[in-house]
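Asks: Structure in structure tokens, see below.
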Amino acid sequence: MKVAVSACLLGESCKYSGGSNRCERLLEALRARPDIEVIPVCPEVAGGLPTPRPPAEIVDGEVVNDLGESVDAAYRAGVAAEMVRLSPAIESGELAAAVLQSRSPSCGVHEVYDGTFTGTLVSGRGLFAQALAAASVMLVDASEV
């Protein structure tokens, strides 16, 4: 069984700020299940974005950073690259789920920031979460672990 996991949750320093969102509860749960193969994913890095990078939010369907620059093409390229990488596991039914970082414009499962850069959350999914859901992959928000 395989599970895709946001790399930042595994402790990789790929978060926009340069840090990670290391989640000890998730790491403990994964250690307790040696039958699970973890596939680290990060659409932002896969799309060629640097770490650190300016924060980005979805504004009218387009990913824009807080400097007002569109980074949508890089986000979408990263989503496409990660989906291609995961497609054998998705198509074979081996990918049981994806555990994704909350609120991210790529990985948000239930909520994302509203595009005003004020910390306001709205219902919705990040671009990668949308693509995974369209491929019928079960999504788990990191806060649900």
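Identifiers in this document derive from the order of the structure tokens: chains are assigned A, B, ..., residues are numbered from 1 separately in each chain, and ligands are numbered from 1 in order of occurrence.
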Name the residues in contact with A:Leu132 at a cut-off of 10 Å, using only C-alpha atoms, excluding same-chain residues fewer than 2 positions from it; report them as a ChimeraX atom specification.

Replies: /A:79,82-83,86-87,90,97-98,107,127-130,134-139

Asks: If you keep N, CA and C atoms, can you produce a file of those selected residues as a CSV table (one decimal), in the first residue's frame?

Replies:
chain,number,residue,atom,x,y,z
A,79,VAL,N,1.9,20.5,-10.1
A,79,VAL,CA,0.8,19.6,-10.0
A,79,VAL,C,0.9,18.5,-11.1
A,82,GLU,N,3.8,16.0,-10.4
A,82,GLU,CA,3.5,15.1,-9.3
A,82,GLU,C,2.4,14.1,-9.7
A,83,MET,N,1.4,14.5,-10.5
A,83,MET,CA,0.4,13.6,-11.0
A,83,MET,C,1.0,12.6,-11.9
A,86,LEU,N,2.8,10.1,-9.8
A,86,LEU,CA,1.9,9.2,-9.0
A,86,LEU,C,1.0,8.3,-9.9
A,87,SER,N,0.9,8.6,-11.2
A,87,SER,CA,-0.1,8.0,-12.0
A,87,SER,C,0.0,6.4,-12.0
A,90,ILE,N,-1.7,5.4,-8.9
A,90,ILE,CA,-3.1,5.7,-8.9
A,90,ILE,C,-3.8,4.7,-9.8
A,97,ALA,N,-4.1,6.7,-0.4
A,97,ALA,CA,-4.6,8.0,0.1
A,97,ALA,C,-3.4,9.0,-0.1
A,98,ALA,N,-3.8,10.3,0.1
A,98,ALA,CA,-2.8,11.4,0.1
A,98,ALA,C,-3.0,12.2,1.4
A,107,CYS,N,-2.0,22.1,-1.7
A,107,CYS,CA,-2.4,20.9,-0.9
A,107,CYS,C,-3.7,21.0,0.0
A,127,LEU,N,-4.8,23.3,-5.7
A,127,LEU,CA,-4.7,22.7,-7.1
A,127,LEU,C,-4.3,21.2,-7.1
A,128,PHE,N,-3.4,20.8,-6.3
A,128,PHE,CA,-3.0,19.4,-6.2
A,128,PHE,C,-4.1,18.6,-5.6
A,129,ALA,N,-4.7,19.1,-4.5
A,129,ALA,CA,-5.8,18.3,-3.9
A,129,ALA,C,-6.9,18.2,-4.9
A,130,GLN,N,-7.2,19.2,-5.7
A,130,GLN,CA,-8.2,19.1,-6.7
A,130,GLN,C,-7.9,18.0,-7.7
A,134,ALA,N,-9.9,14.5,-8.4
A,134,ALA,CA,-10.5,14.2,-9.7
A,134,ALA,C,-10.0,12.8,-10.1
A,135,ALA,N,-8.9,12.3,-9.6
A,135,ALA,CA,-8.4,11.0,-9.9
A,135,ALA,C,-8.9,9.9,-8.8
A,136,SER,N,-9.8,10.3,-8.0
A,136,SER,CA,-10.5,9.5,-7.0
A,136,SER,C,-9.5,9.0,-5.9
A,137,VAL,N,-8.5,9.8,-5.6
A,137,VAL,CA,-7.6,9.5,-4.5
A,137,VAL,C,-8.2,10.1,-3.2
A,138,MET,N,-8.3,9.2,-2.2
A,138,MET,CA,-8.8,9.7,-0.9
A,138,MET,C,-7.8,10.7,-0.3
A,139,LEU,N,-8.4,11.9,0.1
A,139,LEU,CA,-7.6,12.9,0.7
A,139,LEU,C,-7.7,13.0,2.2

Asks: Among chain A, which ones does DSSP place in helix (DSSP H, G or I), written as a PDB file with N, CA, C and O atoms, in the first residue's frame?

Replies:
ATOM      1  N   ALA A   7       5.640  16.610   1.517  1.00  0.00           N
ATOM      2  CA  ALA A   7       7.019  16.472   2.003  1.00  0.00           C
ATOM      3  C   ALA A   7       7.282  17.333   3.224  1.00  0.00           C
ATOM      4  O   ALA A   7       8.047  16.938   4.108  1.00  0.00           O
ATOM      5  N   CYS A   8       6.648  18.486   3.317  1.00  0.00           N
ATOM      6  CA  CYS A   8       6.859  19.363   4.479  1.00  0.00           C
ATOM      7  C   CYS A   8       6.399  18.691   5.766  1.00  0.00           C
ATOM      8  O   CYS A   8       6.981  18.909   6.825  1.00  0.00           O
ATOM      9  N   LEU A   9       5.366  17.829   5.686  1.00  0.00           N
ATOM     10  CA  LEU A   9       4.882  17.114   6.867  1.00  0.00           C
ATOM     11  C   LEU A   9       5.882  16.067   7.338  1.00  0.00           C
ATOM     12  O   LEU A   9       5.891  15.691   8.508  1.00  0.00           O
ATOM     13  N   LEU A  10       6.723  15.616   6.413  1.00  0.00           N
ATOM     14  CA  LEU A  10       7.748  14.622   6.745  1.00  0.00           C
ATOM     15  C   LEU A  10       9.017  15.280   7.284  1.00  0.00           C
ATOM     16  O   LEU A  10       9.968  14.590   7.629  1.00  0.00           O
ATOM     17  N   GLU A  24       4.777  15.183  13.938  1.00  0.00           N
ATOM     18  CA  GLU A  24       5.204  14.006  14.705  1.00  0.00           C
ATOM     19  C   GLU A  24       4.119  12.941  14.791  1.00  0.00           C
ATOM     20  O   GLU A  24       4.413  11.746  14.716  1.00  0.00           O
ATOM     21  N   ARG A  25       2.858  13.367  14.948  1.00  0.00           N
ATOM     22  CA  ARG A  25       1.757  12.381  15.014  1.00  0.00           C
ATOM     23  C   ARG A  25       1.711  11.553  13.735  1.00  0.00           C
ATOM     24  O   ARG A  25       1.523  10.345  13.772  1.00  0.00           O
ATOM     25  N   LEU A  26       1.871  12.226  12.592  1.00  0.00           N
ATOM     26  CA  LEU A  26       1.859  11.523  11.313  1.00  0.00           C
ATOM     27  C   LEU A  26       3.057  10.586  11.200  1.00  0.00           C
ATOM     28  O   LEU A  26       2.917   9.422  10.800  1.00  0.00           O
ATOM     29  N   LEU A  27       4.235  11.078  11.574  1.00  0.00           N
ATOM     30  CA  LEU A  27       5.436  10.244  11.502  1.00  0.00           C
ATOM     31  C   LEU A  27       5.311   9.010  12.383  1.00  0.00           C
ATOM     32  O   LEU A  27       5.696   7.908  11.981  1.00  0.00           O
ATOM     33  N   GLU A  28       4.746   9.174  13.575  1.00  0.00           N
ATOM     34  CA  GLU A  28       4.526   8.034  14.468  1.00  0.00           C
ATOM     35  C   GLU A  28       3.565   7.035  13.849  1.00  0.00           C
ATOM     36  O   GLU A  28       3.786   5.821  13.899  1.00  0.00           O
ATOM     37  N   ALA A  29       2.479   7.544  13.255  1.00  0.00           N
ATOM     38  CA  ALA A  29       1.486   6.664  12.633  1.00  0.00           C
ATOM     39  C   ALA A  29       2.110   5.899  11.468  1.00  0.00           C
ATOM     40  O   ALA A  29       1.841   4.699  11.288  1.00  0.00           O
ATOM     41  N   LEU A  30       2.948   6.570  10.699  1.00  0.00           N
ATOM     42  CA  LEU A  30       3.601   5.898   9.566  1.00  0.00           C
ATOM     43  C   LEU A  30       4.619   4.862  10.037  1.00  0.00           C
ATOM     44  O   LEU A  30       4.738   3.787   9.440  1.00  0.00           O
ATOM     45  N   ARG A  31       5.349   5.180  11.107  1.00  0.00           N
ATOM     46  CA  ARG A  31       6.312   4.205  11.656  1.00  0.00           C
ATOM     47  C   ARG A  31       5.608   2.952  12.161  1.00  0.00           C
ATOM     48  O   ARG A  31       6.155   1.854  12.111  1.00  0.00           O
ATOM     49  N   PRO A  43       4.323  19.803  -4.854  1.00  0.00           N
ATOM     50  CA  PRO A  43       4.089  20.403  -6.163  1.00  0.00           C
ATOM     51  C   PRO A  43       4.846  21.712  -6.387  1.00  0.00           C
ATOM     52  O   PRO A  43       5.266  21.989  -7.509  1.00  0.00           O
ATOM     53  N   GLU A  44       5.035  22.498  -5.329  1.00  0.00           N
ATOM     54  CA  GLU A  44       5.737  23.771  -5.496  1.00  0.00           C
ATOM     55  C   GLU A  44       7.185  23.546  -5.939  1.00  0.00           C
ATOM     56  O   GLU A  44       7.668  24.162  -6.886  1.00  0.00           O
ATOM     57  N   VAL A  45       7.867  22.634  -5.264  1.00  0.00           N
ATOM     58  CA  VAL A  45       9.253  22.314  -5.630  1.00  0.00           C
ATOM     59  C   VAL A  45       9.276  21.635  -6.999  1.00  0.00           C
ATOM     60  O   VAL A  45      10.124  21.952  -7.844  1.00  0.00           O
ATOM     61  N   ALA A  46       8.335  20.730  -7.242  1.00  0.00           N
ATOM     62  CA  ALA A  46       8.270  20.043  -8.539  1.00  0.00           C
ATOM     63  C   ALA A  46       8.029  21.032  -9.680  1.00  0.00           C
ATOM     64  O   ALA A  46       8.438  20.782 -10.811  1.00  0.00           O
ATOM     65  N   ASP A  72       1.118  30.998 -11.049  1.00  0.00           N
ATOM     66  CA  ASP A  72       0.168  29.967 -11.421  1.00  0.00           C
ATOM     67  C   ASP A  72       0.796  28.903 -12.325  1.00  0.00           C
ATOM     68  O   ASP A  72       0.578  27.707 -12.117  1.00  0.00           O
ATOM     69  N   ALA A  73       1.570  29.327 -13.305  1.00  0.00           N
ATOM     70  CA  ALA A  73       2.171  28.364 -14.236  1.00  0.00           C
ATOM     71  C   ALA A  73       3.082  27.386 -13.504  1.00  0.00           C
ATOM     72  O   ALA A  73       3.057  26.177 -13.784  1.00  0.00           O
ATOM     73  N   ALA A  74       3.872  27.883 -12.556  1.00  0.00           N
ATOM     74  CA  ALA A  74       4.764  27.005 -11.794  1.00  0.00           C
ATOM     75  C   ALA A  74       3.958  26.040 -10.921  1.00  0.00           C
ATOM     76  O   ALA A  74       4.294  24.848 -10.828  1.00  0.00           O
ATOM     77  N   TYR A  75       2.908  26.532 -10.278  1.00  0.00           N
ATOM     78  CA  TYR A  75       2.067  25.662  -9.452  1.00  0.00           C
ATOM     79  C   TYR A  75       1.431  24.571 -10.305  1.00  0.00           C
ATOM     80  O   TYR A  75       1.435  23.396  -9.942  1.00  0.00           O
ATOM     81  N   ARG A  76       0.881  24.955 -11.447  1.00  0.00           N
ATOM     82  CA  ARG A  76       0.217  23.977 -12.314  1.00  0.00           C
ATOM     83  C   ARG A  76       1.209  22.988 -12.916  1.00  0.00           C
ATOM     84  O   ARG A  76       0.901  21.793 -13.044  1.00  0.00           O
ATOM     85  N   ALA A  77       2.406  23.454 -13.247  1.00  0.00           N
ATOM     86  CA  ALA A  77       3.444  22.546 -13.755  1.00  0.00           C
ATOM     87  C   ALA A  77       3.835  21.538 -12.679  1.00  0.00           C
ATOM     88  O   ALA A  77       4.042  20.351 -12.964  1.00  0.00           O
ATOM     89  N   GLY A  78       3.937  21.996 -11.439  1.00  0.00           N
ATOM     90  CA  GLY A  78       4.271  21.097 -10.334  1.00  0.00           C
ATOM     91  C   GLY A  78       3.189  20.075 -10.069  1.00  0.00           C
ATOM     92  O   GLY A  78       3.476  18.897  -9.809  1.00  0.00           O
ATOM     93  N   VAL A  79       1.940  20.503 -10.139  1.00  0.00           N
ATOM     94  CA  VAL A  79       0.821  19.568  -9.973  1.00  0.00           C
ATOM     95  C   VAL A  79       0.880  18.511 -11.068  1.00  0.00           C
ATOM     96  O   VAL A  79       0.764  17.312 -10.799  1.00  0.00           O
ATOM     97  N   ALA A  80       1.079  18.958 -12.303  1.00  0.00           N
ATOM     98  CA  ALA A  80       1.152  18.014 -13.427  1.00  0.00           C
ATOM     99  C   ALA A  80       2.302  17.024 -13.243  1.00  0.00           C
ATOM    100  O   ALA A  80       2.133  15.815 -13.458  1.00  0.00           O
ATOM    101  N   ALA A  81       3.464  17.519 -12.822  1.00  0.00           N
ATOM    102  CA  ALA A  81       4.622  16.649 -12.630  1.00  0.00           C
ATOM    103  C   ALA A  81       4.362  15.620 -11.536  1.00  0.00           C
ATOM    104  O   ALA A  81       4.696  14.427 -11.698  1.00  0.00           O
ATOM    105  N   GLU A  82       3.780  16.047 -10.427  1.00  0.00           N
ATOM    106  CA  GLU A  82       3.505  15.105  -9.338  1.00  0.00           C
ATOM    107  C   GLU A  82       2.428  14.094  -9.747  1.00  0.00           C
ATOM    108  O   GLU A  82       2.508  12.921  -9.381  1.00  0.00           O
ATOM    109  N   MET A  83       1.440  14.527 -10.518  1.00  0.00           N
ATOM    110  CA  MET A  83       0.404  13.593 -10.966  1.00  0.00           C
ATOM    111  C   MET A  83       0.988  12.551 -11.916  1.00  0.00           C
ATOM    112  O   MET A  83       0.615  11.371 -11.839  1.00  0.00           O
ATOM    113  N   VAL A  84       1.905  12.955 -12.784  1.00  0.00           N
ATOM    114  CA  VAL A  84       2.562  11.997 -13.676  1.00  0.00           C
ATOM    115  C   VAL A  84       3.359  10.990 -12.847  1.00  0.00           C
ATOM    116  O   VAL A  84       3.321   9.782 -13.093  1.00  0.00           O
ATOM    117  N   ARG A  85       4.067  11.491 -11.837  1.00  0.00           N
ATOM    118  CA  ARG A  85       4.873  10.610 -10.985  1.00  0.00           C
ATOM    119  C   ARG A  85       4.000   9.617 -10.220  1.00  0.00           C
ATOM    120  O   ARG A  85       4.374   8.462 -10.014  1.00  0.00           O
ATOM    121  N   LEU A  86       2.801  10.068  -9.788  1.00  0.00           N
ATOM    122  CA  LEU A  86       1.906   9.211  -9.011  1.00  0.00           C
ATOM    123  C   LEU A  86       1.002   8.336  -9.877  1.00  0.00           C
ATOM    124  O   LEU A  86       0.386   7.398  -9.364  1.00  0.00           O
ATOM    125  N   SER A  87       0.914   8.637 -11.158  1.00  0.00           N
ATOM    126  CA  SER A  87      -0.079   7.956 -11.992  1.00  0.00           C
ATOM    127  C   SER A  87       0.042   6.427 -11.997  1.00  0.00           C
ATOM    128  O   SER A  87      -0.992   5.746 -11.969  1.00  0.00           O
ATOM    129  N   PRO A  88       1.243   5.833 -11.999  1.00  0.00           N
ATOM    130  CA  PRO A  88       1.269   4.358 -11.941  1.00  0.00           C
ATOM    131  C   PRO A  88       0.602   3.810 -10.672  1.00  0.00           C
ATOM    132  O   PRO A  88      -0.140   2.822 -10.737  1.00  0.00           O
ATOM    133  N   ALA A  89       0.837   4.449  -9.538  1.00  0.00           N
ATOM    134  CA  ALA A  89       0.233   3.985  -8.288  1.00  0.00           C
ATOM    135  C   ALA A  89      -1.267   4.257  -8.265  1.00  0.00           C
ATOM    136  O   ALA A  89      -2.041   3.460  -7.717  1.00  0.00           O
ATOM    137  N   ILE A  90      -1.694   5.363  -8.872  1.00  0.00           N
ATOM    138  CA  ILE A  90      -3.127   5.672  -8.938  1.00  0.00           C
ATOM    139  C   ILE A  90      -3.822   4.659  -9.839  1.00  0.00           C
ATOM    140  O   ILE A  90      -4.842   4.065  -9.468  1.00  0.00           O
ATOM    141  N   GLU A  91      -3.268   4.451 -11.019  1.00  0.00           N
ATOM    142  CA  GLU A  91      -3.895   3.559 -12.002  1.00  0.00           C
ATOM    143  C   GLU A  91      -3.937   2.108 -11.534  1.00  0.00           C
ATOM    144  O   GLU A  91      -4.885   1.381 -11.836  1.00  0.00           O
ATOM    145  N   SER A  92      -2.940   1.683 -10.772  1.00  0.00           N
ATOM    146  CA  SER A  92      -2.911   0.303 -10.278  1.00  0.00           C
ATOM    147  C   SER A  92      -3.750   0.118  -9.015  1.00  0.00           C
ATOM    148  O   SER A  92      -3.941  -1.008  -8.562  1.00  0.00           O
ATOM    149  N   LEU A 127      -4.753  23.286  -5.709  1.00  0.00           N
ATOM    150  CA  LEU A 127      -4.703  22.723  -7.058  1.00  0.00           C
ATOM    151  C   LEU A 127      -4.336  21.240  -7.081  1.00  0.00           C
ATOM    152  O   LEU A 127      -4.923  20.459  -7.834  1.00  0.00           O
ATOM    153  N   PHE A 128      -3.366  20.849  -6.269  1.00  0.00           N
ATOM    154  CA  PHE A 128      -2.954  19.443  -6.227  1.00  0.00           C
ATOM    155  C   PHE A 128      -4.052  18.585  -5.610  1.00  0.00           C
ATOM    156  O   PHE A 128      -4.363  17.499  -6.116  1.00  0.00           O
ATOM    157  N   ALA A 129      -4.666  19.068  -4.548  1.00  0.00           N
ATOM    158  CA  ALA A 129      -5.774  18.339  -3.924  1.00  0.00           C
ATOM    159  C   ALA A 129      -6.916  18.158  -4.920  1.00  0.00           C
ATOM    160  O   ALA A 129      -7.526  17.089  -4.981  1.00  0.00           O
ATOM    161  N   GLN A 130      -7.183  19.177  -5.723  1.00  0.00           N
ATOM    162  CA  GLN A 130      -8.228  19.071  -6.748  1.00  0.00           C
ATOM    163  C   GLN A 130      -7.895  17.960  -7.745  1.00  0.00           C
ATOM    164  O   GLN A 130      -8.756  17.158  -8.115  1.00  0.00           O
ATOM    165  N   ALA A 131      -6.643  17.931  -8.195  1.00  0.00           N
ATOM    166  CA  ALA A 131      -6.224  16.927  -9.181  1.00  0.00           C
ATOM    167  C   ALA A 131      -6.312  15.517  -8.603  1.00  0.00           C
ATOM    168  O   ALA A 131      -6.768  14.587  -9.280  1.00  0.00           O
ATOM    169  N   LEU A 132      -5.883  15.358  -7.364  1.00  0.00           N
ATOM    170  CA  LEU A 132      -5.961  14.045  -6.723  1.00  0.00           C
ATOM    171  C   LEU A 132      -7.413  13.609  -6.540  1.00  0.00           C
ATOM    172  O   LEU A 132      -7.754  12.449  -6.793  1.00  0.00           O
ATOM    173  N   ALA A 133      -8.266  14.531  -6.114  1.00  0.00           N
ATOM    174  CA  ALA A 133      -9.685  14.208  -5.942  1.00  0.00           C
ATOM    175  C   ALA A 133     -10.307  13.800  -7.275  1.00  0.00           C
ATOM    176  O   ALA A 133     -11.099  12.847  -7.333  1.00  0.00           O
ATOM    177  N   ALA A 134      -9.949  14.492  -8.350  1.00  0.00           N
ATOM    178  CA  ALA A 134     -10.465  14.151  -9.683  1.00  0.00           C
ATOM    179  C   ALA A 134     -10.016  12.756 -10.109  1.00  0.00           C
ATOM    180  O   ALA A 134     -10.699  12.096 -10.899  1.00  0.00           O
ATOM    181  N   ALA A 142      -3.833  17.154   6.945  1.00  0.00           N
ATOM    182  CA  ALA A 142      -2.866  16.909   8.009  1.00  0.00           C
ATOM    183  C   ALA A 142      -3.458  17.113   9.397  1.00  0.00           C
ATOM    184  O   ALA A 142      -3.089  16.421  10.345  1.00  0.00           O
ATOM    185  N   SER A 143      -4.391  18.047   9.515  1.00  0.00           N
ATOM    186  CA  SER A 143      -4.990  18.314  10.832  1.00  0.00           C
ATOM    187  C   SER A 143      -5.877  17.171  11.309  1.00  0.00           C
ATOM    188  O   SER A 143      -6.234  17.103  12.483  1.00  0.00           O
ATOM    189  N   GLU A 144      -6.208  16.237  10.421  1.00  0.00           N
ATOM    190  CA  GLU A 144      -7.058  15.091  10.783  1.00  0.00           C
ATOM    191  C   GLU A 144      -6.262  13.881  11.237  1.00  0.00           C
ATOM    192  O   GLU A 144      -6.846  12.871  11.624  1.00  0.00           O
TER     193      GLU A 144
END

Asks: For A:Arg22, which residue out of A:Val64, A:Ile39, A:Leu121, A:Val5 is the nearest one, using only C-alpha atoms?

Replies: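 For A:Arg22, the nearest of the candidates is A:Val5.
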
Asks: With only C-alpha atoms as the counted atoms, please give the residues lying no more than 8 Å from A:Ile36, apart from itself and same-chain residues fewer than 2 positions off, as a list in words.

Replies: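 Once the nearby chain positions are removed, what remains is Met1, Lys2, Val3, Leu30, Arg33, Pro34 and Val38 of chain A.
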
Asks: Residues at most 8 Å from A:Ser123, counting only C-alpha atoms, excluding those fewer than 2 positions away in the same chain, as an mmCIF file with all heavy atoms, in the first residue's frame?

Replies:
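Contents of the output file around.cif:
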data_model
loop_
_atom_site.group_PDB
_atom_site.id
_atom_site.type_symbol
_atom_site.label_atom_id
_atom_site.label_comp_id
_atom_site.auth_asym_id
_atom_site.auth_seq_id
_atom_site.Cartn_x
_atom_site.Cartn_y
_atom_site.Cartn_z
ATOM 1 N N HIS A 110 -9.608 20.988 2.681
ATOM 2 C CA HIS A 110 -10.933 21.518 3.015
ATOM 3 C C HIS A 110 -11.013 23.035 2.871
ATOM 4 O O HIS A 110 -12.074 23.563 2.573
ATOM 5 C CB HIS A 110 -11.307 21.155 4.456
ATOM 6 C CG HIS A 110 -11.299 19.684 4.725
ATOM 7 N ND1 HIS A 110 -12.126 18.797 4.066
ATOM 8 C CD2 HIS A 110 -10.557 18.935 5.568
ATOM 9 C CE1 HIS A 110 -11.890 17.571 4.506
ATOM 10 N NE2 HIS A 110 -10.943 17.627 5.418
ATOM 11 N N GLU A 111 -9.894 23.710 3.140
ATOM 12 C CA GLU A 111 -9.868 25.172 3.136
ATOM 13 C C GLU A 111 -8.579 25.674 2.507
ATOM 14 O O GLU A 111 -7.557 24.994 2.553
ATOM 15 C CB GLU A 111 -9.898 25.722 4.569
ATOM 16 C CG GLU A 111 -11.124 25.406 5.364
ATOM 17 C CD GLU A 111 -11.013 25.936 6.786
ATOM 18 O OE1 GLU A 111 -9.998 25.657 7.454
ATOM 19 O OE2 GLU A 111 -11.947 26.626 7.214
ATOM 20 N N VAL A 112 -8.661 26.861 1.943
ATOM 21 C CA VAL A 112 -7.489 27.580 1.441
ATOM 22 C C VAL A 112 -7.649 29.038 1.851
ATOM 23 O O VAL A 112 -8.743 29.483 2.210
ATOM 24 C CB VAL A 112 -7.338 27.466 -0.097
ATOM 25 C CG1 VAL A 112 -7.020 26.042 -0.519
ATOM 26 C CG2 VAL A 112 -8.568 27.967 -0.818
ATOM 27 N N LEU A 121 -9.651 32.293 5.785
ATOM 28 C CA LEU A 121 -9.839 31.001 5.136
ATOM 29 C C LEU A 121 -11.220 30.902 4.499
ATOM 30 O O LEU A 121 -12.185 31.474 5.010
ATOM 31 C CB LEU A 121 -9.682 29.877 6.151
ATOM 32 C CG LEU A 121 -8.277 29.686 6.717
ATOM 33 C CD1 LEU A 121 -8.302 28.740 7.916
ATOM 34 C CD2 LEU A 121 -7.334 29.170 5.649
ATOM 35 N N ARG A 125 -10.291 23.738 -2.191
ATOM 36 C CA ARG A 125 -9.127 22.862 -2.269
ATOM 37 C C ARG A 125 -8.018 23.537 -3.050
ATOM 38 O O ARG A 125 -8.270 24.317 -3.963
ATOM 39 C CB ARG A 125 -9.491 21.566 -2.995
ATOM 40 C CG ARG A 125 -10.355 20.654 -2.176
ATOM 41 C CD ARG A 125 -10.442 19.285 -2.821
ATOM 42 N NE ARG A 125 -11.072 18.372 -1.884
ATOM 43 C CZ ARG A 125 -11.982 17.492 -2.211
ATOM 44 N NH1 ARG A 125 -12.357 17.362 -3.471
ATOM 45 N NH2 ARG A 125 -12.502 16.704 -1.301
#

Asks: When you draw a straight line from atom CA of A:Glu37 to atom CA of A:Gly93, how long is it in Å?

Replies: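 So the answer is 13.4 Å.
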
Asks: Work out how far apart atom CA of A:Glu57 and atom CA of A:Gly115 are and give it in Å to one decimal.

Replies: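 Computed distance, atom CA of A:Glu57 to atom CA of A:Gly115, equals 4.9 Å.
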
Asks: Check the smallest atom-to-atom distance from each of A:Ala32, A:Ser70, A:Cys14, A:Pro40 to A:Arg53 using only C-alpha atoms, then report the winner.

Replies: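 Of the candidates, the smallest distance to A:Arg53 is held by A:Cys14.
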
Asks: Taking into account only C-alpha atoms, which residue in the set A:Gly68, A:Pro52, A:Gly47, A:Gly119 is nearest to A:Gly19?

Replies: A:Pro52

Asks: Give me, as a PyMOL selection string, the residues of stretch 53-85 of chain A that a backbone DSSP run labels strand (DSSP E).

Replies: chain A and resi 56-59+62-65

Asks: Include C-alpha atoms and write out the residues we just selected as a PDB file, in the first residue's frame.

Replies:
ATOM      1  CA  ALA A  56       1.021  32.572  -2.433  1.00  0.00           C
ATOM      2  CA  GLU A  57      -2.747  32.292  -2.432  1.00  0.00           C
ATOM      3  CA  ILE A  58      -5.439  31.530  -4.982  1.00  0.00           C
ATOM      4  CA  VAL A  59      -6.960  34.743  -6.363  1.00  0.00           C
ATOM      5  CA  GLU A  62      -5.003  31.920 -10.256  1.00  0.00           C
ATOM      6  CA  VAL A  63      -2.114  31.403  -7.825  1.00  0.00           C
ATOM      7  CA  VAL A  64      -0.516  34.765  -7.060  1.00  0.00           C
ATOM      8  CA  ASN A  65       2.203  35.626  -4.537  1.00  0.00           C
TER       9      ASN A  65
END

Asks: Under the rule that only C-alpha atoms are counted, which of A:Pro105, A:Ala96, A:Tyr113, A:Thr118 is the nearest residue to A:Val140?

Replies: A:Ala96

Asks: Given the choices A:Asp60, A:Glu69, A:Asp141, A:Asp35, which gets closest to A:Asp114 if the distance is worked out from only C-alpha atoms?

Replies: A:Asp60

Asks: A:Gln101, A:Gly124, A:Leu67, A:Thr116: which is nearest A:Gly11, counting only C-alpha atoms?

Replies: A:Gln101

Asks: Have a look at atom CA of A:Ser13 and atom CA of A:Pro50 and let me know their distance in Å, one decimal.

Replies: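 Atom-to-atom, atom CA of A:Ser13 to atom CA of A:Pro50, that is 11.0 Å.
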